[in-house]
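Student: The structure follows.
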Amino acid sequence: MKFGETFMEYLHGDREWFLDKCSHVEYKRLKKVLKSCRTCRLNDSCTNECECKSCPLCDQLFFSELMREALDIAGCFSTRVRHLLHLHVAGGIERYMARLVHCFKTDQTTMIQEGRMLIEYVTMNAIAIRKILKKYDKVHSSVNGKNFKLKMRAEHIELLQSPWLIELGAFCLNFKRPGDGNSPSEFSTHFSFDVDVDVDDTPKMTLMLPDSMKLEYDLTCPICLDTLFDPYALGCGHLFCKSCVCLAASAMICDGPKAASPESKCPVCRETGVYPKALHMTELDMLLKRRCKGYWKERLTEERARVLKQTKDFWDSQTRFVAAAAFVAILGLVVATFLLKITLAAACLCKRSGWKSKNPRVQTRMWTLSSKKVLTLPLFLSFSLSLPDAEYLIWVLSRVT
């Protein structure tokens, strides 16, 4: 059976009630666009137009439509997975209300069924996109289909590289019972998820697609080169430990990656604006906690010590800053008070001696200051001031004020 027939059977099968609420690739319609272009190539009058590496008519209809569908599928998939995982990790009254909604089914059975349908949904649409792009390159003898796949990856809408798919895979494995080992659970049909630990103790997640294609997701942090701990996925899709990605962006670990500056760059691809879109991989962290217990406990101790040290250093620096600011403020107040008292003393000296300045502004300022109450210190200093010094001090004060 050809893939087109398989895909149509999937869309109109027993999952139709679920797919009615989701976007999908219009595989049949896109295939008709390519078929009309192939017919055009057989026509002698259009040979020169369609033998080129790109077809303007096809490109306008084909790539714009496919991009719109890919965006809709990615948005629908992330929204449904976010809702499903939220129900799994929810607690208290929220989880109780969710069970009341599904009162005729157990909570676990409902989530398993929805998770299985979501994985089928994203894999079938990803295969449909790959097949139709391959057919485009074959019809036009071009590489525009491959370039479009690269564009999708650059814009973070490639379905099989989404962090939400990794979270859904971890969600699947978290439902396995301890005695199941690496055997597929009731969650899987045409595919299976697995976590293998090789000789280097590097865990990997494997996804088997319906067409025997295998995808592996490396669960190693590219910064510390160790197994992910409390993992976060940035907006570009790269996975990091929480502490590693926070330190790379000069952010506090306790605040998380979202507290980093929007101009911070991904340590791998150097893309900006990816920290505000960071995703906490809760299910993946739960999976690693269960499968790598010894490593997880050891890393937890290290991370606690690192957070305490960073917090202590931060508050020590804040204390030093506040102390320095207070010292500067007090010193400035003392100096300003001392200078004002000297100026008051100079004004009193000028008034007692009957001296008048040629500058009207200085003279006015001198009489204003001399009418103020002068303390013991400026009275004492006034005896050591000469008239030129007093005139200069009053002139400076009049210029400032």
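By convention in this document, the chains of the structure tokens carry letters A, B, ... by their order, each chain's residues are numbered from 1, and ligands are numbered from 1 in the order they are shown.
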List every residue of range 225-296 of chain A that DSSP, applied to the backbone of this structure, assigns to alpha helix (DSSP H), and report them as an MDAnalysis selection string.

Tutor: chainID A and resid 242:248 282:291 293:296

Student: Using the selection just defined, write its residues with C-alpha atoms as a short mmCIF file (atom, residue, chain, number, x, y, z; two decimals), in the first residue's frame.

Tutor:
data_model
loop_
_atom_site.label_atom_id
_atom_site.label_comp_id
_atom_site.auth_asym_id
_atom_site.auth_seq_id
_atom_site.Cartn_x
_atom_site.Cartn_y
_atom_site.Cartn_z
CA LYS A 242 19.47 24.00 34.50
CA SER A 243 22.60 25.10 36.34
CA CYS A 244 24.76 24.96 33.20
CA VAL A 245 22.43 27.05 31.06
CA CYS A 246 21.89 29.60 33.85
CA LEU A 247 25.61 30.05 34.43
CA ALA A 248 26.16 30.41 30.66
CA THR A 282 9.71 17.77 33.86
CA GLU A 283 8.94 14.31 32.46
CA LEU A 284 12.50 13.82 31.23
CA ASP A 285 13.86 14.79 34.63
CA MET A 286 11.48 12.30 36.27
CA LEU A 287 12.64 9.59 33.85
CA LEU A 288 16.33 10.19 34.54
CA LYS A 289 15.63 10.25 38.27
CA ARG A 290 14.09 6.77 38.04
CA ARG A 291 16.54 5.20 35.57
CA LYS A 293 19.20 6.79 40.63
CA GLY A 294 22.83 6.76 41.78
CA TYR A 295 23.90 9.48 39.37
CA TRP A 296 20.83 11.59 40.14
#

Student: Please provide as a VMD selection string all residues within 10 Å of range 313-325 of chain A, with the sequence filter that same-chain residues fewer than 6 positions apart are discarded (counting only C-alpha atoms).

Tutor: chain A and resid 252 307 331

Student: Could you save the residues just selected, with N, CA and C atoms, as a PDB file, in the first residue's frame?

Tutor:
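Listed below is the output, selection.pdb:
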ATOM      1  N   MET A 252      20.853  33.720  37.837  1.00  0.00           N
ATOM      2  CA  MET A 252      20.799  32.965  39.078  1.00  0.00           C
ATOM      3  C   MET A 252      20.133  31.614  38.829  1.00  0.00           C
ATOM      4  N   VAL A 307      24.163  25.872  44.165  1.00  0.00           N
ATOM      5  CA  VAL A 307      23.150  26.916  44.350  1.00  0.00           C
ATOM      6  C   VAL A 307      23.419  27.705  45.627  1.00  0.00           C
ATOM      7  N   LEU A 331      30.063  60.008  53.554  1.00  0.00           N
ATOM      8  CA  LEU A 331      31.234  60.852  53.306  1.00  0.00           C
ATOM      9  C   LEU A 331      30.852  62.113  52.543  1.00  0.00           C
TER      10      LEU A 331
END

Student: Which is closest to Asp72 in chain A among A:Leu159, A:Met124, A:Asp137, A:Arg153, if we use only C-alpha atoms?

Tutor: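 Among A:Leu159, A:Met124, A:Asp137, A:Arg153, it is A:Leu159 that comes nearest to Asp72 in chain A.
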
Student: Tell me, as a PyMOL selection string, which residues lie within 10 Å of Asp218 in chain A, counting only C-alpha atoms; anything in the same chain fewer than 5 positions away does not count.

Tutor: chain A and resi 195+202-206+227-228+239

Student: Could you check how far CA of Gln60 in chain A sits from CA of His140 in chain A, in Å to one decimal?

Tutor: 14.3 Å

Student: Using only C-alpha atoms, which residues sit within 12 Å of Glu65 in chain A once same-chain residues fewer than 6 positions away are excluded, as a list in words?

Tutor: His24, Val25, Glu26, Tyr27, Arg29, Leu30, Val33, Cys58, Asp59, Leu71, Asp72 and Ile129 of chain A

Student: So that I can check the secondary structure, give me every residue of range 182-296 of chain A assigned strand (DSSP E) by backbone DSSP, as a PyMOL selection string.

Tutor: chain A and resi 193-197+203-208+214-218+231-233+239-241+279-280

Student: For the selection you just gave me, I'd like the residues written to a file as a compact mmCIF listing (two decimals), in the first residue's frame, keeping N, CA and C atoms.

Tutor:
# COMPACT_ATOMS: atom_id res chain seq x y z
N PHE A 193 9.75 3.46 22.43
CA PHE A 193 10.71 4.34 23.06
C PHE A 193 11.60 3.48 23.95
N ASP A 194 12.82 3.89 24.06
CA ASP A 194 13.74 3.16 24.93
C ASP A 194 14.82 4.10 25.40
N VAL A 195 15.40 3.79 26.54
CA VAL A 195 16.55 4.51 27.07
C VAL A 195 17.66 3.51 27.25
N ASP A 196 18.72 3.66 26.48
CA ASP A 196 19.86 2.76 26.55
C ASP A 196 21.02 3.47 27.21
N VAL A 197 21.73 2.75 28.04
CA VAL A 197 22.93 3.28 28.68
C VAL A 197 24.12 2.50 28.14
N PRO A 203 22.98 8.09 28.51
CA PRO A 203 21.64 7.63 28.12
C PRO A 203 21.17 8.28 26.83
N LYS A 204 20.43 7.51 26.04
CA LYS A 204 19.85 8.00 24.79
C LYS A 204 18.41 7.54 24.73
N MET A 205 17.60 8.35 24.11
CA MET A 205 16.21 8.00 23.89
C MET A 205 16.04 7.67 22.41
N THR A 206 15.41 6.54 22.11
CA THR A 206 15.26 6.06 20.74
C THR A 206 13.78 6.02 20.37
N LEU A 207 13.48 6.55 19.19
CA LEU A 207 12.11 6.55 18.68
C LEU A 207 12.09 5.77 17.37
N MET A 208 11.28 4.72 17.31
CA MET A 208 11.11 3.93 16.10
C MET A 208 9.86 4.40 15.37
N LYS A 214 14.69 5.13 12.50
CA LYS A 214 15.01 5.24 13.92
C LYS A 214 15.63 6.60 14.20
N LEU A 215 15.14 7.26 15.24
CA LEU A 215 15.69 8.53 15.68
C LEU A 215 16.24 8.39 17.09
N GLU A 216 17.41 8.95 17.32
CA GLU A 216 18.04 8.91 18.64
C GLU A 216 18.19 10.33 19.18
N TYR A 217 17.86 10.50 20.43
CA TYR A 217 17.99 11.79 21.10
C TYR A 217 19.03 11.65 22.20
N ASP A 218 20.12 12.38 22.06
CA ASP A 218 21.21 12.32 23.04
C ASP A 218 20.81 13.12 24.27
N PRO A 231 16.71 19.08 33.39
CA PRO A 231 16.95 19.62 32.04
C PRO A 231 15.97 20.71 31.64
N TYR A 232 16.49 21.62 30.82
CA TYR A 232 15.70 22.68 30.19
C TYR A 232 15.99 22.66 28.70
N ALA A 233 14.97 22.93 27.89
CA ALA A 233 15.12 23.08 26.45
C ALA A 233 14.92 24.55 26.11
N LEU A 239 19.09 21.03 24.52
CA LEU A 239 18.86 20.64 25.91
C LEU A 239 20.10 20.91 26.75
N PHE A 240 19.88 21.41 27.97
CA PHE A 240 20.97 21.71 28.90
C PHE A 240 20.51 21.40 30.32
N CYS A 241 21.50 21.22 31.20
CA CYS A 241 21.20 21.20 32.63
C CYS A 241 20.78 22.61 33.06
N LEU A 279 11.90 25.74 28.13
CA LEU A 279 10.90 24.76 28.56
C LEU A 279 11.53 23.83 29.60
N HIS A 280 10.89 23.72 30.75
CA HIS A 280 11.36 22.81 31.79
C HIS A 280 10.91 21.40 31.44

Student: Taking only C-alpha atoms into account, name the residue in A:Glu302, A:Pro56, A:Ser23, A:Leu168 that is nearest to Ala70 in chain A.

Tutor: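 Looking only at the distances to Ala70 in chain A, the closest residue turns out to be A:Ser23.
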
Student: Could you tell me which of A:Ala260, A:Val122, A:Val143, A:Ala128 comes closest to Thr272 in chain A if we count only C-alpha atoms?

Tutor: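 Comparing A:Ala260, A:Val122, A:Val143, A:Ala128 against Thr272 in chain A, the winner is A:Ala260.
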
Student: Out of A:Ile223, A:Leu19, A:Ala336, A:Val139, which residue has the shortest atom-to-atom distance to Ser36 in chain A when counting only C-alpha atoms?

Tutor: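 Ranking A:Ile223, A:Leu19, A:Ala336, A:Val139 by distance to Ser36 in chain A, first place goes to A:Val139.
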
Student: Can you work out the spacing between CA of Glu16 in chain A and CA of Lys2 in chain A in Å, to one decimal?

Tutor: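 Going from CA of Glu16 in chain A over to CA of Lys2 in chain A covers 20.0 Å.
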